[in-house]
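Structure file work-v7.txt with compact mmCIF, C-alpha atoms:
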# COMPACT_ATOMS: atom_id res chain seq x y z
CA MET M 66 46.42 0.46 -32.61
CA HIS M 67 46.77 3.88 -31.11
CA ARG M 68 44.79 4.21 -27.82
CA ALA M 69 42.73 7.22 -29.07
CA ALA M 70 41.87 5.42 -32.30
CA ARG M 71 40.87 2.26 -30.40
CA TYR M 72 38.62 4.29 -28.07
CA GLY M 73 36.95 5.93 -31.07
CA CYS M 74 36.35 2.55 -32.64
CA LEU M 75 34.75 1.20 -29.47
CA GLN M 76 32.56 4.28 -29.13
CA SER M 77 31.35 3.91 -32.69
CA THR M 78 30.59 0.20 -32.23
CA PHE M 79 28.51 0.69 -29.10
CA ALA M 80 26.72 3.67 -30.59
CA LYS M 81 25.37 1.40 -33.34
CA SER M 82 24.40 -1.50 -31.04
CA CYS M 83 22.71 0.63 -28.36
CA ARG M 84 21.23 3.23 -30.72
CA PHE M 85 22.94 6.20 -29.03
CA ILE M 86 23.28 9.65 -30.55
CA VAL M 87 25.77 12.46 -29.96
CA LEU M 88 24.50 15.88 -29.00
CA SER M 89 26.16 18.84 -30.64
CA SER M 90 24.05 21.94 -31.17
CA PHE M 91 20.70 20.32 -30.09
CA ARG M 92 18.95 22.52 -27.52
CA GLN M 93 17.18 20.75 -24.69
CA GLY M 94 15.20 21.89 -21.62
CA LYS M 95 16.42 21.03 -18.17
CA ILE M 96 15.67 17.43 -17.16
CA VAL M 97 14.78 17.11 -13.48
CA PRO M 98 13.95 14.00 -11.46
CA TYR M 99 10.57 14.26 -9.79
CA LYS M 100 11.09 12.53 -6.46
CA LEU M 101 8.60 10.68 -4.29
CA THR M 102 8.02 13.02 -1.36
CA ASP M 103 7.05 12.10 2.18
CA ILE M 104 3.31 11.29 2.14
CA GLY M 105 3.02 11.14 5.92
CA GLU M 106 2.14 8.50 8.52
CA GLY M 107 5.78 7.39 8.64
CA ILE M 108 5.51 5.75 5.20
CA ARG M 109 8.95 5.06 3.71
CA GLU M 110 8.07 2.90 0.70
CA VAL M 111 5.14 2.39 -1.66
CA THR M 112 4.11 0.03 -4.46
CA VAL M 113 3.46 1.57 -7.89
CA LYS M 114 -0.07 0.44 -8.84
CA GLU M 115 -0.80 2.46 -12.00
CA TRP M 116 0.93 4.93 -14.33
CA PHE M 117 -1.19 7.71 -15.81
CA VAL M 118 1.64 8.87 -18.11
CA LYS M 119 4.21 7.31 -20.42
CA VAL M 120 7.53 8.40 -21.86
CA GLY M 121 6.95 11.25 -24.31
CA ASP M 122 3.74 12.53 -22.72
CA LYS M 123 3.34 16.22 -21.93
CA VAL M 124 2.32 17.01 -18.36
CA ALA M 125 1.22 20.16 -16.57
CA GLN M 126 1.23 21.05 -12.91
CA PHE M 127 -1.28 19.00 -10.89
CA ASP M 128 -1.71 16.41 -13.66
CA ASN M 129 -1.91 12.85 -12.31
CA ILE M 130 1.41 11.02 -12.64
CA CYS M 131 0.74 7.68 -10.94
CA GLU M 132 -1.11 5.93 -8.16
CA VAL M 133 0.94 4.35 -5.40
CA GLN M 134 -0.09 2.13 -2.54
CA SER M 135 1.59 2.01 0.84
CA ASP M 136 0.99 -0.62 3.47
CA LYS M 137 -1.77 1.69 4.74
CA ALA M 138 -3.48 3.44 1.86
CA SER M 139 -3.48 4.49 -1.80
CA VAL M 140 -2.26 7.92 -2.91
CA THR M 141 -2.38 9.66 -6.30
CA ILE M 142 0.86 11.49 -7.14
CA THR M 143 0.52 14.67 -9.22
CA SER M 144 3.07 16.70 -11.18
CA ARG M 145 4.74 19.83 -9.85
CA TYR M 146 6.04 20.87 -13.27
CA ASP M 147 5.08 21.61 -16.85
CA GLY M 148 7.12 19.53 -19.20
CA LEU M 149 7.79 16.33 -21.10
CA VAL M 150 8.08 12.90 -19.46
CA LYS M 151 11.51 11.52 -20.31
CA ALA M 152 11.70 8.38 -18.15
CA LEU M 153 9.68 6.25 -15.74
CA HIS M 154 11.85 4.81 -13.00
CA TYR M 155 9.51 1.99 -11.94
CA LYS M 156 7.27 -0.66 -13.44
CA ILE M 157 3.84 -1.66 -12.12
CA ASP M 158 4.16 -3.43 -8.71
CA ASP M 159 7.73 -2.16 -8.19
CA ILE M 160 8.63 -0.79 -4.75
CA ALA M 161 9.46 2.93 -4.73
CA LEU M 162 11.28 4.55 -1.80
CA VAL M 163 10.53 8.01 -0.45
CA GLY M 164 13.20 10.43 -1.70
CA ASN M 165 13.96 8.49 -4.88
CA PRO M 166 12.96 9.71 -8.37
CA LEU M 167 9.63 8.54 -9.80
CA VAL M 168 9.94 10.15 -13.25
CA ASP M 169 12.31 12.41 -15.16
CA ILE M 170 10.63 15.52 -16.61
CA GLU M 171 12.12 17.84 -19.22
CA LEU M 172 10.93 21.33 -18.29
CA VAL M 173 9.34 23.42 -20.99
CA ASN M 174 11.15 26.62 -20.09
CA GLU M 175 14.48 27.64 -18.66
CA GLU M 176 13.20 29.08 -15.38
CA PHE M 177 13.64 26.40 -12.77
CA ASP M 178 12.91 26.08 -9.08
CA ASN M 179 15.78 27.11 -6.83
CA GLU M 180 15.80 23.65 -5.28
CA PHE M 181 16.84 22.17 -8.62
CA SER M 182 19.32 24.82 -9.54
CA GLN M 183 21.14 24.05 -6.29
CA GLU M 184 21.06 20.24 -6.45
CA LYS M 185 24.44 18.74 -7.15
CA ASN M 186 23.15 15.55 -8.69
CA ILE M 187 21.36 17.29 -11.60
CA GLN M 188 23.52 18.43 -14.52
CA GLU M 189 22.58 19.92 -17.87
CA PRO M 190 23.61 17.90 -20.93
CA LYS M 191 27.00 19.08 -22.12
CA LYS M 192 28.20 19.40 -25.63
CA ASN M 193 29.08 16.02 -27.24
CA GLN M 194 27.56 14.19 -24.25
CA ILE M 195 26.25 10.71 -25.09
CA ILE M 196 22.62 10.18 -24.05
CA GLU M 197 20.18 7.31 -24.42
CA THR M 198 17.35 7.67 -26.97
CA SER M 199 15.98 4.14 -27.13
CA SER M 200 13.49 2.78 -24.61
CA ASN M 201 15.04 -0.67 -25.17
CA VAL M 202 18.31 0.41 -23.53
CA THR M 203 18.37 -0.06 -19.77
CA ARG M 204 20.58 1.24 -16.95
CA ASP M 205 22.38 -2.10 -17.06
CA ASP M 206 23.34 -1.35 -20.65
CA ILE M 207 24.79 2.00 -19.58
CA THR M 208 26.77 0.32 -16.82
CA ASN M 209 28.08 -2.26 -19.28
CA VAL M 210 29.17 0.44 -21.70
CA GLU M 211 31.06 2.18 -18.92
CA ASN M 212 32.79 -1.08 -18.04
CA LEU M 213 33.62 -1.77 -21.68
CA LEU M 214 35.18 1.64 -22.08
CA GLY M 215 37.00 1.33 -18.77
CA LYS M 216 40.00 -0.62 -17.56
CA VAL M 217 38.79 -4.13 -18.44
CA LEU M 218 40.78 -5.43 -21.40
CA ALA M 219 38.72 -7.16 -24.12
CA THR M 220 38.22 -7.09 -27.88
CA PRO M 221 35.20 -5.34 -29.44
CA ALA M 222 33.64 -8.75 -30.20
CA VAL M 223 33.86 -9.77 -26.53
CA ARG M 224 32.48 -6.44 -25.42
CA ARG M 225 29.49 -6.82 -27.76
CA ILE M 226 28.73 -10.28 -26.31
CA ALA M 227 28.90 -8.81 -22.80
CA LEU M 228 26.57 -5.96 -23.75
CA GLU M 229 24.01 -8.22 -25.45
CA ASN M 230 23.91 -10.53 -22.41
CA LYS M 231 23.99 -7.72 -19.81
CA ILE M 232 27.20 -9.00 -18.27
CA ASN M 233 29.61 -6.86 -16.29
CA LEU M 234 33.06 -7.72 -17.63
CA LYS M 235 34.50 -7.20 -14.16
CA ASP M 236 32.52 -10.29 -13.05
CA VAL M 237 34.13 -12.52 -15.68
CA THR M 238 37.21 -14.58 -14.80
CA SER M 239 39.87 -13.62 -17.34
CA THR M 240 42.54 -15.99 -18.67
CA GLY M 241 44.16 -13.76 -21.31
CA ARG M 242 47.45 -11.93 -21.12
CA ASP M 243 47.52 -8.97 -18.71
CA GLY M 244 44.04 -9.89 -17.46
CA ARG M 245 42.42 -9.65 -20.89
CA VAL M 246 38.92 -11.21 -21.08
CA LEU M 247 38.84 -13.67 -23.97
CA LYS M 248 35.83 -14.87 -25.95
CA GLU M 249 36.20 -18.29 -24.29
CA ASP M 250 36.08 -16.61 -20.85
CA ILE M 251 32.79 -14.85 -21.43
CA LEU M 252 31.20 -17.89 -23.09
CA ALA M 253 32.21 -20.00 -20.08
CA HIS M 254 30.72 -17.34 -17.78
CA ILE M 255 27.41 -17.43 -19.68
CA LYS M 256 27.33 -21.25 -19.61
CA CYS M 257 27.91 -21.26 -15.86
CA HIS M 258 25.10 -18.73 -15.34
CA ILE M 259 22.67 -20.86 -17.39
CA GLU M 260 23.56 -24.00 -15.42
CA ASN M 261 23.01 -22.20 -12.13
CA SER M 262 19.63 -20.96 -13.34
CA ASN M 263 18.63 -24.50 -14.32
CA ASP M 264 19.68 -25.74 -10.88
CA ASP M 265 17.42 -23.11 -9.32
CA ASP M 266 14.52 -24.29 -11.49
CA ASP M 267 15.12 -27.89 -10.42
CA ASP M 268 15.14 -26.81 -6.77
CA GLU M 269 11.77 -25.14 -7.23
CA LYS M 270 10.33 -28.34 -8.72
CA LYS M 271 11.69 -30.43 -5.86
CA ASN M 272 10.79 -27.96 -3.13
CA PRO M 273 7.79 -25.66 -3.75
CA LEU M 274 8.78 -23.60 -0.70
CA VAL M 275 11.57 -22.06 -2.79
CA ASN M 276 8.89 -19.95 -4.50
CA VAL M 277 8.79 -17.10 -1.98
CA THR M 278 6.15 -14.36 -2.17
CA PRO M 279 7.18 -11.05 -0.55
CA VAL M 280 4.80 -9.47 1.94
CA LYS M 281 3.73 -6.06 0.69
CA GLY M 282 0.81 -3.67 0.43
CA TYR M 283 -1.99 -4.02 2.98
CA ALA M 284 -0.59 -7.37 4.11
CA LYS M 285 2.65 -5.66 5.12
CA HIS M 286 0.73 -3.16 7.25
CA MET M 287 -1.12 -6.05 8.89
CA TRP M 288 2.24 -7.67 9.63
CA LYS M 289 3.41 -4.53 11.44
CA THR M 290 0.20 -3.84 13.36
CA MET M 291 -0.30 -7.43 14.47
CA THR M 292 3.31 -7.67 15.63
CA LYS M 293 2.65 -4.57 17.71
CA ALA M 294 -0.61 -6.10 18.97
CA LEU M 295 1.30 -9.01 20.53
CA THR M 296 2.73 -6.58 23.08
CA ILE M 297 -0.76 -5.66 24.33
CA PRO M 298 -2.22 -7.64 27.28
CA HIS M 299 -5.65 -8.58 25.88
CA PHE M 300 -8.72 -9.86 27.64
CA THR M 301 -11.93 -10.90 25.87
CA TYR M 302 -15.58 -10.61 26.91
CA SER M 303 -18.35 -12.36 24.91
CA ASP M 304 -22.14 -12.29 24.91
CA ASP M 305 -25.24 -13.02 22.78
CA CYS M 306 -27.86 -10.59 21.47
CA ASP M 307 -31.44 -11.26 20.35
CA VAL M 308 -31.57 -9.47 17.00
CA THR M 309 -35.11 -10.44 16.00
CA LYS M 310 -36.25 -6.79 16.07
CA LEU M 311 -33.16 -5.71 14.17
CA ILE M 312 -33.84 -8.20 11.38
CA ARG M 313 -37.42 -6.96 11.09
CA CYS M 314 -36.32 -3.31 11.08
CA ARG M 315 -33.81 -3.83 8.32
CA GLU M 316 -36.21 -5.86 6.19
CA GLU M 317 -38.74 -3.05 6.29
CA VAL M 318 -36.42 -0.39 4.84
CA LYS M 319 -33.66 -2.12 2.87
CA ASP M 320 -35.61 -2.37 -0.43
CA ALA M 321 -36.56 1.31 -0.35
CA LEU M 322 -32.93 2.29 0.26
CA LYS M 323 -31.72 -0.06 -2.47
CA LYS M 324 -33.78 1.93 -5.00
CA GLU M 325 -31.72 4.95 -3.94
CA GLY M 326 -28.49 3.03 -4.52
CA ILE M 327 -27.82 2.38 -0.82
CA SER M 328 -27.03 -1.12 0.41
CA LEU M 329 -28.15 -1.50 4.03
CA THR M 330 -26.46 -4.31 5.94
CA TYR M 331 -26.47 -4.91 9.69
CA MET M 332 -23.10 -3.23 10.09
CA PRO M 333 -24.39 0.38 10.17
CA PHE M 334 -26.62 -0.57 13.12
CA PHE M 335 -23.64 -2.11 14.95
CA VAL M 336 -21.53 1.00 14.25
CA LYS M 337 -24.22 3.41 15.45
CA ALA M 338 -24.85 1.28 18.56
CA ALA M 339 -21.14 1.46 19.39
CA SER M 340 -21.18 5.24 19.06
CA GLU M 341 -24.23 5.59 21.31
CA ALA M 342 -22.63 3.33 23.93
CA LEU M 343 -19.37 5.30 23.75
CA LYS M 344 -21.25 8.42 24.80
CA GLU M 345 -21.71 6.73 28.17
CA PHE M 346 -18.23 5.17 28.25
CA PRO M 347 -15.97 7.83 26.63
CA GLN M 348 -12.86 6.35 28.24
CA LEU M 349 -13.03 3.50 25.70
CA ASN M 350 -12.83 5.85 22.71
CA GLY M 351 -9.22 6.94 22.27
CA TRP M 352 -5.58 6.08 22.00
CA LEU M 353 -3.05 4.71 24.46
CA ASP M 354 0.26 6.56 24.78
CA ASP M 355 2.83 4.01 25.98
CA GLU M 356 5.51 6.59 26.74
CA SER M 357 3.40 8.79 29.00
CA GLU M 358 1.31 5.84 30.23
CA SER M 359 -1.91 7.72 29.55
CA VAL M 360 -5.05 7.47 27.42
CA LYS M 361 -6.08 10.30 25.12
CA MET M 362 -9.89 10.28 25.08
CA VAL M 363 -11.28 11.65 21.80
CA LYS M 364 -14.65 13.40 21.45
CA HIS M 365 -15.32 12.32 17.88
CA HIS M 366 -16.18 8.69 17.17
CA ASN M 367 -14.13 7.49 14.20
CA ILE M 368 -15.27 3.86 14.07
CA SER M 369 -12.76 1.63 12.26
CA ILE M 370 -14.14 -1.27 10.20
CA ALA M 371 -12.00 -4.34 9.50
CA MET M 372 -12.40 -4.96 5.76
CA ASP M 373 -11.24 -7.78 3.51
CA THR M 374 -9.79 -6.65 0.15
CA PRO M 375 -7.94 -8.35 -2.73
CA GLN M 376 -4.70 -6.93 -1.27
CA GLY M 377 -5.40 -8.14 2.28
CA LEU M 378 -6.96 -6.80 5.48
CA ILE M 379 -7.45 -3.04 5.71
CA VAL M 380 -9.09 -1.03 8.51
CA PRO M 381 -10.57 2.28 7.28
CA ASN M 382 -12.83 4.30 9.54
CA ILE M 383 -16.13 6.14 9.31
CA LYS M 384 -15.53 9.56 10.82
CA ASN M 385 -17.76 11.43 13.28
CA VAL M 386 -20.27 8.63 13.63
CA GLN M 387 -21.81 10.45 16.61
CA ASN M 388 -23.24 12.97 14.11
CA LEU M 389 -24.39 10.48 11.46
CA SER M 390 -27.68 8.66 10.93
CA ILE M 391 -27.79 4.96 10.12
CA VAL M 392 -28.48 5.80 6.46
CA ASN M 393 -25.43 8.12 6.28
CA ILE M 394 -23.30 5.46 7.94
CA ALA M 395 -24.50 2.99 5.29
CA LYS M 396 -23.50 5.43 2.52
CA GLU M 397 -20.02 5.83 3.97
CA LEU M 398 -19.66 2.08 4.38
CA ASN M 399 -20.72 1.53 0.75
CA ARG M 400 -18.13 4.08 -0.40
CA LEU M 401 -15.31 2.42 1.57
CA GLN M 402 -16.32 -1.03 0.34
CA GLU M 403 -16.14 0.10 -3.30
CA LEU M 404 -12.70 1.59 -2.74
CA GLY M 405 -11.64 -1.56 -0.90
CA LYS M 406 -12.57 -3.75 -3.88
CA LYS M 407 -10.08 -1.71 -5.94
CA SER M 408 -7.51 -1.61 -3.09
CA SER M 409 -7.47 2.16 -3.44
CA ILE M 410 -8.59 3.47 -0.04
CA PRO M 411 -6.97 6.90 0.53
CA LEU M 412 -4.85 7.74 3.55
CA ASN M 413 -7.45 10.04 5.12
CA ASP M 414 -9.88 7.13 5.47
CA ILE M 415 -7.23 5.04 7.24
CA SER M 416 -6.02 7.65 9.71
CA ASP M 417 -7.30 8.58 13.17
CA GLY M 418 -9.60 5.64 13.94
CA THR M 419 -10.65 5.61 17.63
CA PHE M 420 -12.64 2.38 18.07
CA CYS M 421 -12.81 -0.78 15.97
CA LEU M 422 -15.46 -3.30 14.85
CA SER M 423 -15.10 -6.46 12.78
CA ASN M 424 -17.91 -8.51 11.26
CA ILE M 425 -16.73 -12.08 10.82
CA GLY M 426 -20.36 -13.21 10.58
CA THR M 427 -20.43 -12.48 6.85
CA ILE M 428 -17.96 -15.34 6.43
CA GLY M 429 -19.11 -17.62 9.26
CA GLY M 430 -18.24 -18.44 12.82
CA THR M 431 -19.70 -17.31 16.12
CA TYR M 432 -17.17 -16.38 18.80
CA MET M 433 -13.66 -15.15 18.22
CA LYS M 434 -10.87 -13.30 19.99
CA PRO M 435 -10.24 -10.09 18.01
CA VAL M 436 -6.83 -8.42 18.21
CA ILE M 437 -6.55 -4.77 19.22
CA LEU M 438 -5.49 -2.26 16.57
CA SER M 439 -2.88 -0.14 18.39
CA PRO M 440 -3.02 2.60 19.63
CA GLN M 441 -6.76 1.96 20.08
CA ILE M 442 -7.77 0.15 23.25
CA VAL M 443 -10.95 -1.79 22.33
CA ILE M 444 -12.10 -3.89 19.37
CA GLY M 445 -15.37 -5.77 18.87
CA ALA M 446 -16.15 -8.70 16.58
CA VAL M 447 -19.65 -9.92 15.71
CA GLY M 448 -20.40 -13.42 14.48
CA LYS M 449 -23.15 -14.84 12.29
CA ILE M 450 -26.83 -14.70 13.21
CA GLN M 451 -28.23 -18.08 14.21
CA LYS M 452 -31.82 -19.14 14.79
CA LEU M 453 -31.71 -21.19 18.00
CA PRO M 454 -34.27 -22.53 20.48
CA ARG M 455 -34.72 -20.73 23.77
CA PHE M 456 -37.19 -20.89 26.63
CA GLY M 457 -39.92 -18.25 26.62
CA GLU M 458 -42.75 -17.49 29.03
CA GLY M 459 -44.23 -20.53 30.74
CA ASN M 460 -41.20 -22.59 29.75
CA SER M 461 -42.36 -22.66 26.14
CA VAL M 462 -39.64 -23.23 23.53
CA ILE M 463 -39.35 -20.42 21.00
CA ALA M 464 -37.05 -19.65 18.05
CA VAL M 465 -34.72 -16.74 18.68
CA ASN M 466 -32.29 -15.00 16.28
CA LEU M 467 -29.04 -14.78 18.22
CA LEU M 468 -25.94 -12.78 17.36
CA SER M 469 -22.68 -13.42 19.19
CA VAL M 470 -20.29 -10.58 19.98
CA SER M 471 -16.75 -10.65 21.41
CA TRP M 472 -14.88 -7.65 22.78
CA SER M 473 -11.11 -7.48 23.30
CA ALA M 474 -9.69 -4.71 25.47
CA ASP M 475 -6.30 -3.52 26.64
CA HIS M 476 -6.21 -4.76 30.24
CA ARG M 477 -3.68 -2.08 31.20
CA VAL M 478 -6.37 0.60 31.03
CA VAL M 479 -9.71 -1.26 30.76
CA ASP M 480 -11.15 -3.57 33.42
CA GLY M 481 -13.64 -6.39 32.91
CA VAL M 482 -16.54 -4.64 34.65
CA THR M 483 -16.31 -1.58 32.39
CA MET M 484 -16.16 -3.77 29.30
CA ALA M 485 -19.20 -5.77 30.43
CA LYS M 486 -21.23 -2.59 31.10
CA PHE M 487 -20.30 -1.17 27.70
CA SER M 488 -21.27 -4.45 26.03
CA ASN M 489 -24.64 -4.44 27.78
CA GLN M 490 -25.31 -0.89 26.57
CA TRP M 491 -24.33 -1.81 23.00
CA LYS M 492 -26.52 -4.91 23.23
CA HIS M 493 -29.46 -2.79 24.39
CA TYR M 494 -29.28 -0.61 21.27
CA VAL M 495 -28.81 -3.57 18.92
CA GLU M 496 -31.80 -5.38 20.41
CA ASN M 497 -33.89 -2.18 20.18
CA PRO M 498 -32.89 -0.57 16.86
CA LEU M 499 -35.74 1.95 16.98
CA LEU M 500 -33.80 3.73 19.76
CA LEU M 501 -30.92 4.24 17.29
CA ALA M 502 -33.25 5.84 14.78
CA LEU M 503 -34.61 8.14 17.46
CA GLY M 504 -31.16 8.96 18.79
CA LYS M 505 -32.08 7.70 22.25

Re-express the file's structure as structure tokens.
Amino acid sequence: MHRAARYGCLQSTFAKSCRFIVLSSFRQGKIVPYKLTDIGEGIREVTVKEWFVKVGDKVAQFDNICEVQSDKASVTITSRYDGLVKALHYKIDDIALVGNPLVDIELVNEEFDNEFSQEKNIQEPKKNQIIETSSNVTRDDITNVENLLGKVLATPAVRRIALENKINLKDVTSTGRDGRVLKEDILAHIKCHIENSNDDDDDEKKNPLVNVTPVKGYAKHMWKTMTKALTIPHFTYSDDCDVTKLIRCREEVKDALKKEGISLTYMPFFVKAASEALKEFPQLNGWLDDESESVKMVKHHNISIAMDTPQGLIVPNIKNVQNLSIVNIAKELNRLQELGKKSSIPLNDISDGTFCLSNIGTIGGTYMKPVILSPQIVIGAVGKIQKLPRFGEGNSVIAVNLLSVSWSADHRVVDGVTMAKFSNQWKHYVENPLLLALGK
């Protein structure tokens, strides 16, 4: 058969199987890839958590496109263009890289941004260009078609089998004349692939460790920060606090606040006590700069709170605690907890924390050795409240509500005496919560 005639036959065959159409006089707006831009904080990749659009939807500027989650925070991506969504490049839970396209948008007019008119990788559809119109056809199918129409020798029947099974003909060992791929070759290739897949399944049954779960999302950020933390020379200071007055204070107001939709735990008191103590020890509120070997002391108290979420540990912060009341701190904590349950804490709530607290007491345990969240220099961890016997006046035995607290500090810039004095000041406020309410 003449080469041109054979090519036309192949093109016709694949057009039917892949549901392709040929453009002739059809007029189409410019299709541009909307790329994932740099969202700051050194983030290079994100996980797609939710799509707000689908192929065929119309979008306008500032419409929500999708929500993505980095290893630090969640961000909603909005559209820069008016147009029609032509393709989504990722599925839910796929990893998207900064600089790569998120969606393809067909613009509604022919006036385009200069940045797109100058990009080399964007071309307008040309006359008689073959384009995909079925959502069932993937990029692998396009690659296979290119291979089938390329230099690999095979009959149309063999090419159809390759296309249906998403096989690159260049990967098949050919036994035909002049390197031609025969039907027996591709069937043998498929059989071999199935046997290898079965072997993999058997390995998983024999060895459950074969089932590997990638580290991503918040857990990936914890991986990075804790690896960094191992380079910090920690020391830990622990003490106990009598929180009998604190328990009474909270009990007196928590029901009234609950009617207003505010959940008051002990954590807002701990946060406010830390802020009041930092006013007397400002050198503990800041960031360590390894390169310049200096500490940047910060005036505002952005108290970070270690928080457990379905996606792993996250450490958002309550900003400007020095200006907030205990009730306002509770409101902010409630807001962050609700966002944490949905693993959708925004980047602004993650950034710029200056001092950290963790409450392991809600789970259990007393003393622990918390790990510093770099570049911060101090972290505190409170345990559970225990009612324990202690000696009172006249050697009488009394029941006391004790709370344990452990502080870890960067020993390069913080000494034990300073940490002990800070802890005593924090303890003073926790044991006398009325002073926090009075701002004293």

message: as a ChimeraX atom specification, please: the residues near Gly351 (chain M) (cut-off 6 Å, all atoms listed in the file, same-chain neighbours under 5 positions excluded).
response: /M:361-363,419,441

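Here CA of Trp491 (chain M) stands at a distance of 28.8 Å from CA of Gly377 (chain M).
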
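Each of M:Lys449, M:Arg477, M:Leu468, M:Lys289 was checked against Asp354 (chain M) using all atoms listed in the file; the smallest atom-to-atom distance is that of M:Arg477.
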
statement: Min atom-atom distance to Pro440 (chain M) from the set M:Val163, M:Ile394, M:Ala294, M:Ile255, counting all atoms listed in the file, belongs to M:Ala294

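Of note, CA of Cys314 (chain M) and CA of Asn497 (chain M) are spaced 9.5 Å apart.
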
- request: Pick out the closest residue to Val495 (chain M) from this set: M:Ile383, M:Met433, M:Leu311, M:Leu401. Count all atoms listed in the file.
  value: M:Leu311

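Between CA of Leu398 (chain M) and CA of Asn489 (chain M) the interatomic distance comes to 24.8 Å.
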
- request: For Ile96 (chain M), please output as a ChimeraX atom specification all residues within 7 Å (counting only C-alpha atoms; exclusion window: fewer than 2 positions along the same chain).
  value: /M:94,98,169-172

The selected residues should be written to file as a tab-separated table (two decimals), in the frame of the given file (atoms: C-alpha atoms).
chain	number	residue	atom	x	y	z
M	94	GLY	CA	15.20	21.89	-21.62
M	98	PRO	CA	13.95	14.00	-11.46
M	169	ASP	CA	12.31	12.41	-15.16
M	170	ILE	CA	10.63	15.52	-16.61
M	171	GLU	CA	12.12	17.84	-19.22
M	172	LEU	CA	10.93	21.33	-18.29

Return as JSON the centre and edge lengths, in Å with one decimal, of the box along x, y and z that encloses every atom of region 241-257 of chain M in the file, padded by 4 Å per side.
{"center_x": 37.4, "center_y": -15.1, "center_z": -20.9, "size_x": 28.2, "size_y": 20.3, "size_z": 18.1}

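Each of M:Ile142, M:Met287, M:Leu353, M:Leu329 was checked against Met372 (chain M) using all atoms listed in the file; the smallest atom-to-atom distance is that of M:Met287.
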
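Distances here use all atoms listed in the file; by that measure, the residue among M:Ile297, M:Val360, M:Met332, M:Val173 closest to Asp475 (chain M) is M:Ile297.
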
- request: Go through M:Phe117, M:Tyr432, M:Phe487, M:Tyr155 one by one, measure the shortest atom-to-atom distance of each to Thr141 (chain M) using only C-alpha atoms, and give the residue with the smallest value.
  value: M:Phe117

Taking (8.9, 12.0, -1.9) in the coordinates of the supplied file, I want to know which residues reach to within 7 Å of it, counting all atoms listed in the file; could you give the answer as a PDB file with C-alpha atoms, in the frame of the given file?
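The resulting out35.pdb:
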ATOM      1  CA  LYS M 100      11.090  12.530  -6.460  1.00  0.00           C
ATOM      2  CA  LEU M 101       8.600  10.680  -4.290  1.00  0.00           C
ATOM      3  CA  THR M 102       8.020  13.020  -1.360  1.00  0.00           C
ATOM      4  CA  ASP M 103       7.050  12.100   2.180  1.00  0.00           C
ATOM      5  CA  ILE M 104       3.310  11.290   2.140  1.00  0.00           C
ATOM      6  CA  VAL M 163      10.530   8.010  -0.450  1.00  0.00           C
ATOM      7  CA  GLY M 164      13.200  10.430  -1.700  1.00  0.00           C
ATOM      8  CA  ASN M 165      13.960   8.490  -4.880  1.00  0.00           C
TER       9      ASN M 165
END

task: Using all atoms listed in the file, determine which residues lie at most 10 Å from Lys407 (chain M), disregarding the query and same-chain residues fewer than 2 positions distant; provide the list as an NGL selection string.
output: :M and (139 or 374-376 or 402-405 or 409-410)

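For Ala502 (chain M), the list of residues within 9 Å, based on only C-alpha atoms and with local chain neighbours fewer than 3 positions off taken out, reads Ser390, Ile391, Pro498, Leu499 and Lys505 of chain M.
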